[in-house]
Structure formats: structure tokens, C-alpha cells
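A quick write-up on the structure given underneath.
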Amino acid sequence: MSINSKTSLTGIIGYPLDKTLSPLIQNAAFESLGLNWCYVPMPVESENLETALKGLPSLGFKGINVTMPHKEGVLQYIDEVSSYAELAGAVNTIHFEDSKMIGYNTDGRGFLHALEHDGGFTPEGKQVVVLGAGGAARSISLILALNKVESLTVVNRTLEKAQNLTAGIHKKFGDCKTKALSFSSDLPKIIDSADLVVNSTPVGWNGELVIEPDLLHSGQVVMDLVYIPEETKLLQEAKSRGVKIIPGKLMLLYQGAASFEIWTKTQAPLEDMRKVLDKELLELSRNEKS
Ligand code: NAP
């Protein structure tokens, strides 16, 4: 990649940004298509968010990704927001177009594509359990409700956050049966009757298990948003019980591809993005083991 005065700039703002794999997959995509574009990580603390964001268009940025802790905070500075990002109350992609800042959220799209395309799972009429009630859980719950799941149970360490999330979903999607739970004695029954279980807590990055895997059984689908290791302990245990598994790296890949397409208006070179991501995840897993 050669960077010059004609290079179109993109990047990611968040804090901290040590672990982001987005520069790797986006730069691989630009290179694969021979685009004179570049993607840079920009660690920005909350007190500098407004100044940093407002300066980007005049520096020649075409668009950016936004990650924690700014996904909600950027909303106040944005001119237009897609309907899904507005419903989610969070933006992960900004397009600087015609002197406007337009906000999108590609997390739900990335999640849904992994679920349908790789997991062969259609949400309509299904019973779903989402573990966690943070930003990712909110995007996922919303896309599942939009795609007509029959029931959605949100299980969270802090019950109040699960209740807030399900109340919001129930208000917008009256047909979707919702329930909020803490990790309580009711969990076995709820997991047993689920068609899909999604881990959207960070439990698993260090080899921990968020639920007892004996609660899972064949016929179910489990997705873990944690993507290092690629097959988390939860996914390994689920697979050994005949459960269909979907690794979190797929959501990462597809949400990144969707952002790429928003900025460049060009189809993302998915296979090249996937290849570079797989290689990096393998390397990271090897380093963790050694
Ligand atoms: P977040 O907003 O900070 O929410 C974290 C959630 O996990 C909260 O509900 C929190 O519960 C719960 N939690 C945290 N530590 C826990 C523990 N030790 N035991 C049980 N529950 C715990 O984070 P987020 O943005 O939603 O992200 C969640 C995870 O998804 C992260 O690991 C992130 O890296 C991953 N993610 C992956 C992708 C992807 O593309 N694969 C995309 C987005 C996010 P409390 O409410 O009780 O604190």
C-alpha cells in the first residue's frame, strides 16, 4: 500500500483500541481491490470526542467506524441516522458525505448475516436467549425482534439492565414475547427450550464459561460474540454436544464488510478479508497458548 496526498482516509475511533482487528481487515480489503484508501486506528478519549469527530471531514476522511465507549456518544454530533441505528441508539459507522455526517449501525446486519448465511438459522418464530444486556446485546435483540423471533429472553448479571432492554423491545415489538432474567435457577428451563443462545458478554476471552454447557443439546444453535479464541470454550463444549456453532469472528467480518460498502459504494472482497482475519486469529490463538 502506498499512501500519498490522494489517499482516501478511513479509520476507527474508540478508547482503548489495542485489540481492534478492523484496520487489518479493512486495509486488506482496500489492497485487494487496488483502492488508494487507508484505515487507521485513532484512540480518542471521551473528552476529545467532539473535536476529533468534527475535524475528520476537513482532514479528508471518507468515513469511520466507532467503537466503545463512543457508540452512543457520537449520536449528538451526527446530521442523519439510519432507522436501525436510531432504534439501536448506537452508531458504529459514520459516512462523511456531501458535508454531512451520516450514522449507521452495521452490527445487527453482521450478526444476522452470520446467523442466516453460516448458521442456516432463520429467526422468525424462534425462541432466543441472549446472554448479556450491553451494547452488543441491544443491537442483536433489536435485529432479532425486527426479524420476528417468537420470544426473546435476556439474561444478565445486573437484572435491571436486562429489564430495561426487554421493556424497550416489548414496547416497539408487541408481538415478541420478552423476559428478563439474572443468572438464576430458572436458567436451565429457559436454555433447554431455546432454539438459539447468543453469548454477548465478554465471558470467554480468557477461557471461562458463561453458562453450564450441559444445559445445551443438539438441535440448538449457539453463537459466541467473543472471537478470540475462534472456538471459545462455550463453542467447543456446545459442538461436542451436537450443537451447531457460529463463531463471533463472522459478525466482525460481516459488519466490517457492510461498513466498507457504505464508504466505498463497492462490494467488499469478503474472501480476502476473511483470509487475513483467519490468519491473524490463528496467530493470536497460538500466542495465547505459548
Ligand atoms: P458492554 O456494553 O460492556 O456489555 C457487557 C455485558 O456483559 C453487560 O451486560 C455485562 O453485565 C455483561 N458482563 C460483563 N462481565 C460479565 C461477567 N463477568 N459475567 C457475566 N456478565 C458479564 O459490551 P458490549 O459492547 O455489549 O460487548 C460484549 C461482548 O461482545 C464483548 O466481548 C465484545 O468484544 C463482543 N462483541 C463482539 C462483536 C463481534 O463482531 N464479534 C461485536 C460487538 C461486541 P452487567 O450489565 O451486569 O455489567
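All residue names refer to the C-alpha cells as shown: chains lettered A, B, ... in order, residues numbered from 1 in each chain, ligands numbered from 1 in order.
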Any idea what's packed within 8 Å of stretch 168-172 of chain A, counting only C-alpha atoms, ignoring anything in its chain fewer than 5 positions away? Could you give it as a list in words?
Ser141, Leu142, Ala145, Lys177 and Thr178 of chain A
Identify, counting only C-alpha atoms and all ligand atoms, the protein, DNA and RNA residues located within 8 Å of ligand 1, and give them as a count of residues only.
38
To one decimal place, how far is atom CA of A:Ala88 from atom CA of A:Ser139 in Å?
5.7 Å
Distance criterion (only C-alpha atoms): nearest to A:Ser82 out of A:His95, A:Val40, A:His70, A:Leu181:
A:His95
Which parts of stretch 47-278 of chain A does DSSP call helix (DSSP H, G or I) when run on the backbone here, written out as JSON, numbers by chain?
{"A": [47, 48, 49, 50, 51, 52, 53, 54, 55, 57, 58, 59, 73, 74, 75, 76, 77, 83, 84, 85, 86, 87, 88, 107, 108, 109, 110, 111, 112, 113, 114, 115, 116, 117, 118, 135, 136, 137, 138, 139, 140, 141, 142, 143, 144, 145, 146, 159, 160, 161, 162, 163, 164, 165, 166, 167, 168, 169, 170, 171, 172, 187, 188, 189, 190, 191, 192, 213, 214, 215, 233, 234, 235, 236, 237, 238, 239, 240, 249, 250, 251, 252, 253, 254, 255, 256, 257, 258, 259, 260, 261, 262, 263, 264, 270, 271, 272, 273, 274, 275, 276, 277, 278]}
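You can rank A:Ser2, A:Thr93, A:Ser32, A:Thr51 by their closest distance to A:Ala258 using only C-alpha atoms, and at the top of that list sits A:Thr93.
What separates atom CA of A:Arg286 from atom CA of A:Pro229 is a distance of 9.4 Å.
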Quick check, in Å to one decimal: how far apart do atom CA of A:Gly11 and atom CA of A:Phe61 lie?
8.2 Å
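Comparing A:Glu50, A:Glu97, A:Asp278, A:Asp195 by their smallest distance to A:Tyr77, the closest is A:Glu50 (using only C-alpha atoms).
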Excluding A:Leu144 and residues on its chain fewer than 4 positions from it, collect all residues at most 9 Å away from it, counting only C-alpha atoms, and give them as JSON, numbers by chain.
{"A": [108, 112, 123, 124, 128, 139, 140, 148, 149, 152]}
Per-residue DSSP, stretch 48-283 of chain A, filtered to strand (DSSP E or B), as an MDAnalysis selection string:
chainID A and resid 61:66 80:81 93:97 100:104 127:131 151:155 177:181 196:199 221:224 244:247
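When only C-alpha atoms are used to compute distances to A:Val44, the closest of the residues A:Tyr104, A:Tyr15, A:Tyr84, A:Phe183 turns out to be A:Tyr15.
Nearest to A:Val276 of all the residues A:Thr10, A:Thr232, A:Thr20, A:Gln26 is A:Gln26, based on only C-alpha atoms.
The smallest atom-to-atom distance between A:Lys6 and any of A:Leu33, A:Leu59, A:Val155, A:Ala194, using only C-alpha atoms, is found for A:Leu59.
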Need to verify the contact set: A:Asp98, 12 Å, only C-alpha atoms, exclusion of same-chain residues closer than 6 positions in sequence. Can you return it as JSON, numbers by chain?
{"A": [57, 58, 62, 63, 79, 80]}
